[in-house]
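A.B. asks: Structure supplied as protein_26.tsv; contents: TSV, C-alpha atoms.
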```
chain	number	residue	atom	x	y	z
N	1	MET	CA	-94.72	-26.96	142.01
N	2	ASN	CA	-98.34	-26.63	141.01
N	3	CYS	CA	-98.61	-26.57	137.27
N	4	THR	CA	-102.35	-26.62	137.14
N	5	GLU	CA	-102.70	-22.90	137.72
N	6	SER	CA	-101.65	-22.13	134.23
N	7	ALA	CA	-103.72	-22.14	131.15
N	8	LYS	CA	-104.09	-21.03	127.63
N	9	GLN	CA	-104.55	-17.38	126.66
N	10	GLY	CA	-105.44	-15.57	129.83
N	11	ARG	CA	-104.77	-18.59	132.03
N	12	ILE	CA	-101.54	-17.12	133.28
N	13	ALA	CA	-100.84	-18.24	136.81
N	14	VAL	CA	-102.55	-16.12	139.42
N	15	GLY	CA	-99.82	-14.59	141.49
N	16	ARG	CA	-97.29	-15.07	138.72
N	17	PRO	CA	-94.53	-12.94	140.30
N	18	ALA	CA	-94.53	-14.98	143.50
N	19	ILE	CA	-94.67	-18.30	141.65
N	20	ALA	CA	-91.88	-17.18	139.33
N	21	ARG	CA	-89.73	-16.26	142.32
N	22	GLU	CA	-90.16	-19.72	143.81
N	23	ARG	CA	-89.51	-21.42	140.47
N	24	ALA	CA	-86.41	-19.31	139.93
N	25	ARG	CA	-85.11	-20.69	143.21
N	26	ILE	CA	-85.92	-24.26	142.14
N	27	ALA	CA	-84.36	-23.69	138.71
N	28	GLN	CA	-81.19	-22.42	140.34
N	29	THR	CA	-80.80	-25.67	142.28
N	30	MET	CA	-81.46	-27.64	139.09
N	31	LEU	CA	-78.31	-26.17	137.58
N	32	ALA	CA	-76.48	-28.79	139.63
N	33	ASP	CA	-77.77	-31.41	137.19
N	34	CYS	CA	-78.72	-29.35	134.18
N	35	ARG	CA	-81.35	-30.93	131.95
N	36	PHE	CA	-83.17	-27.82	130.76
N	37	CYS	CA	-82.62	-28.56	127.08
N	38	ALA	CA	-82.99	-31.77	125.14
N	39	HIS	CA	-79.24	-32.34	125.00
N	40	ASP	CA	-79.83	-33.56	128.56
N	41	CYS	CA	-76.18	-33.02	129.54
N	42	GLY	CA	-76.65	-33.45	133.29
N	43	VAL	CA	-73.63	-31.27	134.09
N	44	ASN	CA	-73.22	-29.38	137.34
N	45	ARG	CA	-73.21	-25.77	136.19
N	46	LEU	CA	-73.02	-24.58	139.80
N	47	ALA	CA	-69.65	-26.31	140.06
N	48	GLY	CA	-68.30	-24.84	136.86
N	49	GLU	CA	-69.07	-27.76	134.57
N	50	THR	CA	-70.47	-26.87	131.17
N	51	GLY	CA	-72.46	-28.83	128.64
N	52	LEU	CA	-72.97	-28.33	124.93
N	53	CYS	CA	-74.25	-24.76	125.39
N	54	HIS	CA	-71.12	-23.87	127.42
N	55	ALA	CA	-73.26	-21.81	129.79
N	56	GLY	CA	-72.24	-21.39	133.39
N	57	ALA	CA	-74.45	-20.46	136.32
N	58	GLU	CA	-74.60	-16.74	135.51
N	59	ALA	CA	-76.62	-15.30	132.65
N	60	HIS	CA	-75.44	-12.54	130.33
N	61	PHE	CA	-77.44	-10.50	127.84
N	62	PHE	CA	-76.35	-8.93	124.58
N	63	CYS	CA	-79.32	-6.79	123.65
N	64	ALA	CA	-82.23	-5.17	125.50
N	65	GLN	CA	-84.28	-2.61	123.64
N	66	THR	CA	-87.71	-1.88	122.26
N	67	GLU	CA	-88.16	-3.34	118.79
N	68	VAL	CA	-90.81	-3.47	116.08
N	69	SER	CA	-89.50	-6.28	113.86
N	70	ASP	CA	-91.49	-9.12	115.41
N	71	GLU	CA	-95.09	-10.17	114.76
N	72	LEU	CA	-97.36	-7.14	114.37
N	73	GLU	CA	-99.61	-8.28	117.20
N	74	LEU	CA	-96.65	-8.28	119.59
N	75	ILE	CA	-94.97	-4.96	118.81
N	76	PRO	CA	-93.59	-2.71	120.07
N	77	THR	CA	-91.89	-5.24	122.31
N	78	PHE	CA	-89.15	-4.75	124.85
N	79	ALA	CA	-86.85	-7.59	123.84
N	80	VAL	CA	-84.20	-8.99	126.16
N	81	ALA	CA	-81.70	-11.26	124.41
N	82	LEU	CA	-79.79	-13.61	126.71
N	83	SER	CA	-76.40	-14.82	125.53
N	84	GLY	CA	-75.77	-18.47	124.68
N	85	CYS	CA	-77.79	-21.21	123.01
N	86	ASP	CA	-78.05	-24.97	122.99
N	87	LEU	CA	-78.28	-25.16	119.19
N	88	ARG	CA	-75.41	-24.44	116.81
N	89	CYS	CA	-77.15	-23.07	113.73
N	90	ASP	CA	-74.44	-22.07	111.29
N	91	PHE	CA	-76.69	-19.35	109.85
N	92	CYS	CA	-77.53	-17.77	113.23
N	93	ILE	CA	-77.99	-14.04	112.77
N	94	THR	CA	-76.65	-13.46	116.28
N	95	GLY	CA	-74.06	-16.23	116.14
N	96	ALA	CA	-71.27	-14.46	118.00
N	97	SER	CA	-73.51	-13.84	121.01
N	98	SER	CA	-75.63	-16.95	120.71
N	99	TRP	CA	-72.67	-19.31	120.65
N	100	ASN	CA	-70.94	-17.54	123.53
N	101	PRO	CA	-72.92	-17.48	126.78
N	102	ARG	CA	-70.44	-15.03	128.27
N	103	ALA	CA	-70.95	-12.45	125.52
N	104	GLY	CA	-72.43	-9.12	126.46
N	105	THR	CA	-73.16	-7.91	129.97
N	106	GLY	CA	-73.94	-9.73	133.19
N	107	PHE	CA	-77.69	-10.03	133.62
N	108	ASN	CA	-79.15	-8.23	136.61
N	109	ALA	CA	-82.85	-9.08	136.85
N	110	GLN	CA	-83.75	-6.05	138.94
N	111	ALA	CA	-82.02	-3.59	136.64
N	112	MET	CA	-83.55	-5.25	133.58
N	113	ALA	CA	-87.02	-5.22	135.13
N	114	ALA	CA	-86.66	-1.49	135.72
N	115	LYS	CA	-85.80	-1.03	132.04
N	116	ALA	CA	-88.72	-3.22	131.00
N	117	ASN	CA	-91.14	-1.27	133.19
N	118	ALA	CA	-89.88	1.98	131.71
N	119	ALA	CA	-90.40	0.58	128.22
N	120	LEU	CA	-93.98	-0.38	129.10
N	121	LEU	CA	-94.61	3.14	130.32
N	122	HIS	CA	-93.27	4.48	127.04
N	123	GLY	CA	-95.52	2.39	124.82
N	124	ALA	CA	-94.09	-1.11	124.61
N	125	GLN	CA	-97.00	-3.56	124.41
N	126	THR	CA	-95.14	-6.70	125.41
N	127	ILE	CA	-91.93	-7.93	127.00
N	128	MET	CA	-90.05	-10.64	125.15
N	129	VAL	CA	-87.38	-12.93	126.57
N	130	LEU	CA	-85.20	-14.51	123.92
N	131	GLY	CA	-81.64	-15.46	123.17
N	132	GLY	CA	-79.62	-17.12	122.00
N	133	GLU	CA	-81.95	-19.44	123.78
N	134	PRO	CA	-83.47	-18.39	127.10
N	135	THR	CA	-84.24	-21.95	128.21
N	136	ILE	CA	-80.60	-22.45	129.22
N	137	HIS	CA	-80.96	-19.48	131.60
N	138	LEU	CA	-84.20	-20.42	133.31
N	139	PRO	CA	-83.17	-19.17	136.78
N	140	ALA	CA	-82.43	-15.68	135.43
N	141	ALA	CA	-85.47	-15.62	133.15
N	142	LEU	CA	-87.81	-16.63	135.97
N	143	GLU	CA	-86.29	-14.14	138.37
N	144	PHE	CA	-86.89	-11.48	135.72
N	145	VAL	CA	-90.53	-12.57	135.41
N	146	SER	CA	-90.93	-12.38	139.17
N	147	LEU	CA	-90.09	-8.68	139.03
N	148	LEU	CA	-92.47	-7.76	136.21
N	149	PRO	CA	-96.07	-6.56	136.62
N	150	GLU	CA	-98.54	-9.43	136.72
N	151	THR	CA	-100.55	-7.74	133.99
N	152	ALA	CA	-97.67	-7.40	131.54
N	153	LYS	CA	-97.94	-9.51	128.38
N	154	LEU	CA	-94.87	-11.71	128.35
N	155	ILE	CA	-93.45	-13.51	125.33
N	156	TRP	CA	-91.18	-16.57	125.50
N	157	LYS	CA	-89.18	-16.65	122.27
N	158	THR	CA	-87.69	-20.10	122.06
N	159	ASN	CA	-86.12	-22.69	119.78
N	160	ALA	CA	-88.57	-25.22	121.27
N	161	HIS	CA	-85.77	-27.57	122.20
N	162	GLY	CA	-86.47	-27.70	125.92
N	163	THR	CA	-87.30	-30.64	128.17
N	164	ALA	CA	-90.39	-31.47	130.18
N	165	GLN	CA	-88.46	-30.30	133.22
N	166	ALA	CA	-88.02	-26.86	131.67
N	167	ARG	CA	-91.63	-26.73	130.55
N	168	ASP	CA	-92.85	-27.46	134.08
N	169	LEU	CA	-90.93	-24.44	135.31
N	170	LEU	CA	-92.31	-22.27	132.51
N	171	ASP	CA	-95.93	-23.34	132.84
N	172	GLY	CA	-98.15	-20.29	133.34
N	173	MET	CA	-95.27	-17.83	133.25
N	174	PHE	CA	-95.56	-16.49	129.69
N	175	ASP	CA	-98.66	-15.39	127.82
N	176	VAL	CA	-97.28	-16.31	124.42
N	177	TRP	CA	-94.79	-18.92	123.28
N	178	LEU	CA	-93.14	-17.69	120.10
N	179	ALA	CA	-91.48	-20.89	118.98
N	180	ASP	CA	-89.23	-21.73	116.05
N	181	PHE	CA	-89.75	-24.79	113.91
N	182	LYS	CA	-86.59	-24.42	111.86
N	183	PHE	CA	-85.94	-27.78	110.25
N	184	GLY	CA	-88.38	-30.21	108.70
N	185	ASN	CA	-86.14	-33.24	109.09
N	186	ASP	CA	-83.38	-34.46	111.36
N	187	ASP	CA	-80.73	-34.61	108.64
N	188	CYS	CA	-80.91	-30.86	108.00
N	189	ALA	CA	-80.97	-30.19	111.75
N	190	GLN	CA	-77.87	-32.29	112.24
N	191	ARG	CA	-76.00	-30.78	109.31
N	192	LEU	CA	-76.91	-27.13	109.91
N	193	ALA	CA	-77.35	-27.00	113.70
N	194	LYS	CA	-75.43	-30.04	114.96
N	195	THR	CA	-78.53	-31.25	116.75
N	196	ALA	CA	-79.90	-34.80	116.80
N	197	ASP	CA	-83.53	-35.87	117.24
N	198	TYR	CA	-84.63	-32.33	116.48
N	199	VAL	CA	-88.05	-32.86	114.92
N	200	ARG	CA	-89.47	-35.06	117.69
N	201	VAL	CA	-88.33	-32.65	120.41
N	202	VAL	CA	-89.72	-29.56	118.71
N	203	GLU	CA	-93.04	-31.20	117.92
N	204	GLU	CA	-93.37	-32.28	121.56
N	205	ASN	CA	-92.71	-28.71	122.71
N	206	LEU	CA	-95.13	-27.16	120.24
N	207	LEU	CA	-97.95	-29.50	121.23
N	208	TRP	CA	-97.34	-28.67	124.88
N	209	ALA	CA	-97.10	-24.93	124.26
N	210	ASN	CA	-100.36	-24.94	122.35
N	211	GLU	CA	-102.10	-26.53	125.33
N	212	HIS	CA	-100.54	-24.32	127.98
N	213	SER	CA	-100.31	-20.87	126.41
N	214	GLU	CA	-100.97	-18.95	123.25
N	215	LEU	CA	-98.63	-20.26	120.55
N	216	ILE	CA	-97.13	-18.61	117.50
N	217	VAL	CA	-94.89	-20.82	115.36
N	218	ARG	CA	-92.13	-19.24	113.34
N	219	HIS	CA	-90.42	-20.73	110.35
N	220	LEU	CA	-87.48	-18.97	108.76
N	221	LEU	CA	-87.36	-19.97	105.14
N	222	MET	CA	-83.86	-21.10	104.23
N	223	PRO	CA	-82.62	-20.97	100.63
N	224	GLY	CA	-82.76	-24.42	99.11
N	225	HIS	CA	-84.85	-25.81	101.98
N	226	VAL	CA	-88.42	-25.20	100.90
N	227	ASP	CA	-89.07	-28.83	99.99
N	228	CYS	CA	-87.03	-30.55	102.69
N	229	CYS	CA	-87.82	-28.22	105.60
N	230	TRP	CA	-90.78	-25.93	105.03
N	231	GLN	CA	-93.04	-28.47	103.35
N	232	PRO	CA	-92.87	-31.07	106.14
N	233	VAL	CA	-93.19	-28.36	108.79
N	234	ALA	CA	-96.26	-26.94	107.06
N	235	GLU	CA	-97.78	-30.39	106.65
N	236	TRP	CA	-97.20	-31.27	110.29
N	237	LEU	CA	-98.66	-27.98	111.52
N	238	ALA	CA	-101.74	-28.51	109.37
N	239	GLY	CA	-102.25	-31.99	110.70
N	240	ASN	CA	-101.41	-31.45	114.34
N	241	LEU	CA	-101.98	-27.79	115.17
N	242	PRO	CA	-104.69	-26.68	112.76
N	243	GLY	CA	-105.37	-22.97	112.98
N	244	VAL	CA	-102.24	-22.19	114.95
N	245	LYS	CA	-100.70	-18.83	114.11
N	246	VAL	CA	-97.73	-19.23	111.81
N	247	ASN	CA	-95.23	-16.55	110.86
N	248	LEU	CA	-93.42	-17.54	107.68
N	249	ARG	CA	-90.31	-15.39	107.50
N	250	SER	CA	-88.61	-14.90	104.16
N	251	GLY	CA	-85.85	-12.50	105.21
N	252	PHE	CA	-83.08	-15.08	105.41
N	253	TRP	CA	-79.81	-13.31	106.08
N	254	PRO	CA	-76.67	-15.30	105.21
N	255	ALA	CA	-74.99	-14.55	108.51
N	256	TRP	CA	-72.38	-16.04	110.83
N	257	GLN	CA	-71.06	-19.28	109.34
N	258	ALA	CA	-73.70	-19.73	106.65
N	259	ALA	CA	-70.92	-19.77	104.05
N	260	ARG	CA	-70.05	-23.28	105.26
N	261	HIS	CA	-73.08	-24.41	103.29
N	262	LEU	CA	-73.25	-23.54	99.62
N	263	GLU	CA	-77.02	-23.24	99.54
N	264	LEU	CA	-77.06	-20.76	102.42
N	265	CYS	CA	-74.84	-18.17	100.74
N	266	ARG	CA	-77.76	-16.19	99.34
N	267	GLY	CA	-81.14	-14.82	100.27
N	268	ILE	CA	-84.52	-16.35	99.48
N	269	SER	CA	-85.46	-16.12	95.82
N	270	THR	CA	-88.82	-14.78	94.71
N	271	ASP	CA	-89.66	-18.23	93.37
N	272	GLU	CA	-88.89	-19.86	96.71
N	273	SER	CA	-90.89	-17.28	98.59
N	274	ASP	CA	-93.87	-17.69	96.27
N	275	ARG	CA	-93.68	-21.47	96.45
N	276	ALA	CA	-93.56	-21.35	100.25
N	277	VAL	CA	-96.67	-19.18	100.41
N	278	ARG	CA	-98.46	-21.53	98.00
N	279	LEU	CA	-97.62	-24.44	100.28
N	280	ALA	CA	-99.01	-22.52	103.24
N	281	SER	CA	-102.17	-21.94	101.28
N	282	LYS	CA	-102.37	-25.59	100.22
N	283	PHE	CA	-102.17	-26.65	103.87
N	284	ASP	CA	-104.58	-23.89	104.92
N	285	LEU	CA	-102.15	-22.45	107.43
N	286	ASN	CA	-103.06	-19.41	109.49
N	287	LEU	CA	-100.25	-17.09	108.39
N	288	ILE	CA	-99.78	-13.91	110.38
N	289	PRO	CA	-97.58	-10.90	109.55
V	1	MET	CA	-72.31	-11.08	98.62
V	2	LYS	CA	-71.17	-8.83	101.38
V	3	THR	CA	-72.71	-10.09	104.59
V	4	ARG	CA	-71.14	-7.82	107.13
V	5	PRO	CA	-74.05	-5.78	108.49
V	6	ASN	CA	-74.06	-2.02	108.84
V	7	LYS	CA	-74.93	-1.14	112.39
V	8	THR	CA	-76.80	2.01	113.23
V	9	HIS	CA	-76.71	3.33	116.74
V	10	HIS	CA	-79.35	5.61	118.16
V	11	LYS	CA	-79.19	7.26	121.51
V	12	SER	CA	-82.47	7.40	123.37
V	13	ALA	CA	-82.95	8.22	127.02
V	14	GLY	CA	-79.31	7.45	127.65
V	15	GLU	CA	-79.54	3.97	126.13
V	16	SER	CA	-77.71	2.70	123.06
V	17	GLN	CA	-79.96	1.03	120.50
V	18	VAL	CA	-78.84	-1.09	117.60
V	19	SER	CA	-80.49	-2.02	114.31
V	20	GLU	CA	-78.71	-3.99	111.61
V	21	LEU	CA	-79.25	-3.48	107.92
V	22	LEU	CA	-78.32	-5.72	104.99
V	23	ILE	CA	-78.77	-4.67	101.38
V	24	LEU	CA	-78.87	-7.65	99.03
V	25	PRO	CA	-77.55	-7.47	95.45
V	26	ASP	CA	-81.10	-7.33	94.10
V	27	GLY	CA	-81.79	-4.19	96.13
V	28	GLN	CA	-83.81	-5.96	98.78
V	29	ILE	CA	-83.23	-4.49	102.23
V	30	LEU	CA	-83.28	-6.71	105.29
V	31	VAL	CA	-83.34	-5.30	108.81
V	32	HIS	CA	-82.61	-7.06	112.08
V	33	ASN	CA	-83.50	-5.68	115.52
V	34	LEU	CA	-85.64	-2.94	114.05
V	35	THR	CA	-86.15	-0.20	116.60
V	36	PRO	CA	-89.03	2.29	116.42
V	37	ALA	CA	-86.57	5.08	115.65
V	38	PHE	CA	-84.99	3.20	112.77
V	39	ALA	CA	-88.39	2.13	111.46
V	40	GLY	CA	-89.35	5.79	111.43
V	41	LEU	CA	-86.24	6.65	109.47
V	42	LEU	CA	-86.85	3.92	106.89
V	43	HIS	CA	-90.46	5.00	106.60
V	44	GLU	CA	-89.39	8.54	105.85
V	45	LEU	CA	-87.03	7.29	103.16
V	46	ASN	CA	-89.70	5.14	101.52
V	47	PRO	CA	-93.25	5.86	102.70
V	48	ASP	CA	-94.61	3.37	100.15
V	49	ALA	CA	-92.89	0.36	101.72
V	50	GLU	CA	-95.84	-1.38	103.36
V	51	GLN	CA	-93.72	-3.74	105.45
V	52	ILE	CA	-92.12	-0.80	107.21
V	53	ALA	CA	-95.25	1.33	107.34
V	54	SER	CA	-97.04	-1.36	109.30
V	55	ARG	CA	-94.26	-1.30	111.88
V	56	VAL	CA	-94.00	2.40	112.43
V	57	THR	CA	-95.22	2.52	115.94
V	58	ARG	CA	-97.93	4.83	117.15
V	59	HIS	CA	-95.91	5.10	120.33
V	60	PRO	CA	-93.02	7.29	119.20
V	61	SER	CA	-91.33	7.26	122.58
V	62	ALA	CA	-91.24	3.45	122.80
```
Would you write the structure of this file as structure tokens?
C.D. replies:
Amino acid sequence: MNCTESAKQGRIAVGRPAIARERARIAQTMLADCRFCAHDCGVNRLAGETGLCHAGAEAHFFCAQTEVSDELELIPTFAVALSGCDLRCDFCITGASSWNPRAGTGFNAQAMAAKANAALLHGAQTIMVLGGEPTIHLPAALEFVSLLPETAKLIWKTNAHGTAQARDLLDGMFDVWLADFKFGNDDCAQRLAKTADYVRVVEENLLWANEHSELIVRHLLMPGHVDCCWQPVAEWLAGNLPGVKVNLRSGFWPAWQAARHLELCRGISTDESDRAVRLASKFDLNLIP
Amino acid sequence: MKTRPNKTHHKSAGESQVSELLILPDGQILVHNLTPAFAGLLHELNPDAEQIASRVTRHPSA
């Protein structure tokens, strides 16, 4: 695979559909020793084995529609949400579908591409692939890309918990990486998402994404986590990705199993929201709506 | 706090669309999976809400 074709903002691989088709084929064979996410399970998904995400070889989706709730510069977007995820965030707003890779409907790339093309014709400005977490379904995601117009603006909405192997397959395929930086320390990541070594992995992915595509970093403010999570995230972004677009989201929704954690049983207070914005200002972050 | 979302279903071009709405005790309204149709409805209900106004698409058929 030639990863040098890709580049930042407008450096999308020339001949993206054909390259995506080839990479989808490669990704499919890689399911035999799946190491797409940083859990690095190494299971043979083609033989029915499953790792921490529980995903098999076939992708499902639980939502595909045009939406306007994402970053203003990306909407309206035709958003395709693939079922299943490698993280286990107790507060996941789509927990039932994100924790179950067999939720929803079997994903047919051709049928979905037809829907996406229709959405573009009707005014959608971008096409977004998300989850759950789409990284665990790279073969399906890449096949989908192979069927989309080369000129379409494609968004990869990710938890930024993928491996170098996954990034190689994604290089040059998406115009924008819309990446979460959820937790500012590994203790919170372990307690709330049952994920170890979170911060190092996400930082590695963000640095890569910033070099290889346009990057927008999202942080969902969590009640009671301004100091332990948002502050270190903000400080790291200021020091390592100065000027990067950051969407600070204050609409925390105590969903799924958030009630397992006392501090997550409410929304964000005005004080927390104000304090978070002041921190962003202190670190001179480039906040976008 | 009641966390079970209210789901609204819109039919458009034969496709089912879903937006989820949560009203917090302080009156704050949170929306997940906001579709253009639902954004339009919320905008009609409260034209002064800037966060919704900025999302009312200029592409009504999207």
A.B. asks: Rank N:Ala64, N:Ile12, N:Ala24, N:Leu287 by their smallest atom-to-atom distance to Ala152 in chain N, using all atoms listed in the file, and report the top residue only.
C.D. replies: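 The closest residue to Ala152 in chain N is N:Ile12.
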A.B. asks: Can you pull out every residue within 6 Å of range 138-147 of chain N, counting all atoms listed in the file, but drop anything in the same chain fewer than 6 positions away, and send it as a list in words?
C.D. replies: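 Close residues of range 138-147 of chain N: Pro17, Ala20, Arg21, Ala24, Ala27, Gln28 and Ala109 of chain N.
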A.B. asks: Could you check how far CA of Thr35 in chain V sits from CA of Arg88 in chain N, in Å to one decimal?
C.D. replies: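 It comes out at 26.5 Å.
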A.B. asks: When you count all atoms listed in the file, which of these residues is closest to chain V: N:Gly51, N:Gly95, N:Gly104, N:Pro76?
C.D. replies: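 Ranked by minimum distance to chain V, first place goes to N:Pro76.
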A.B. asks: When you count all atoms listed in the file, which of these residues is closest to Arg55 in chain V: V:Asn33, V:Gln17, V:Ala39, V:Gly27?
C.D. replies: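 Among the listed residues, the smallest separation from Arg55 in chain V belongs to V:Ala39.
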A.B. asks: For chain N, which of V:Leu34, V:Val18, V:Ala53, V:Ile23 is the closest residue, counting all atoms listed in the file?
C.D. replies: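 Answer, going by the shortest atom-to-atom distance: V:Leu34.
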A.B. asks: Could you state the separation of CA of Pro36 in chain V and CA of Glu67 in chain N in Å, given to one decimal place?
C.D. replies: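 Calculated distance between CA of Pro36 in chain V and CA of Glu67 in chain N is 6.2 Å.
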A.B. asks: Which one is closest to chain V: N:Asn210, N:Thr126, N:Asn108, N:Thr50? Count only C-alpha atoms.
C.D. replies: N:Thr126
A.B. asks: By how many Å are CA of Ala81 in chain N and CA of Asn100 in chain N apart?
C.D. replies: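 It comes out at 12.5 Å.
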A.B. asks: With all atoms listed in the file considered, list every residue of chain N at most 10 Å from chain V, as an MDAnalysis selection string.
C.D. replies: chainID N and resid 63:72 75:79 93:94 115 118:125 250:256 258:259 265:267 269 289
A.B. asks: Can you sort out the box for range 168-176 of chain N, edges along x, y and z, all listed atoms in, 4 Å on every side, with centre and edge lengths in Å to one decimal, as JSON?
C.D. replies:
```
{"center_x": -94.8, "center_y": -21.4, "center_z": 129.9, "size_x": 15.7, "size_y": 20.1, "size_z": 18.9}
```
A.B. asks: Nearest to Asn240 in chain N: which of N:Leu52, N:Val129, N:Val14, N:Leu206 is it, counting only C-alpha atoms?
C.D. replies: N:Leu206
A.B. asks: For range 175-180 of chain N, please output as a VMD selection string all residues within 6 Å (counting all atoms listed in the file; exclusion window: fewer than 6 positions along the same chain).
C.D. replies: chain N and resid 153 to 160 213 to 219
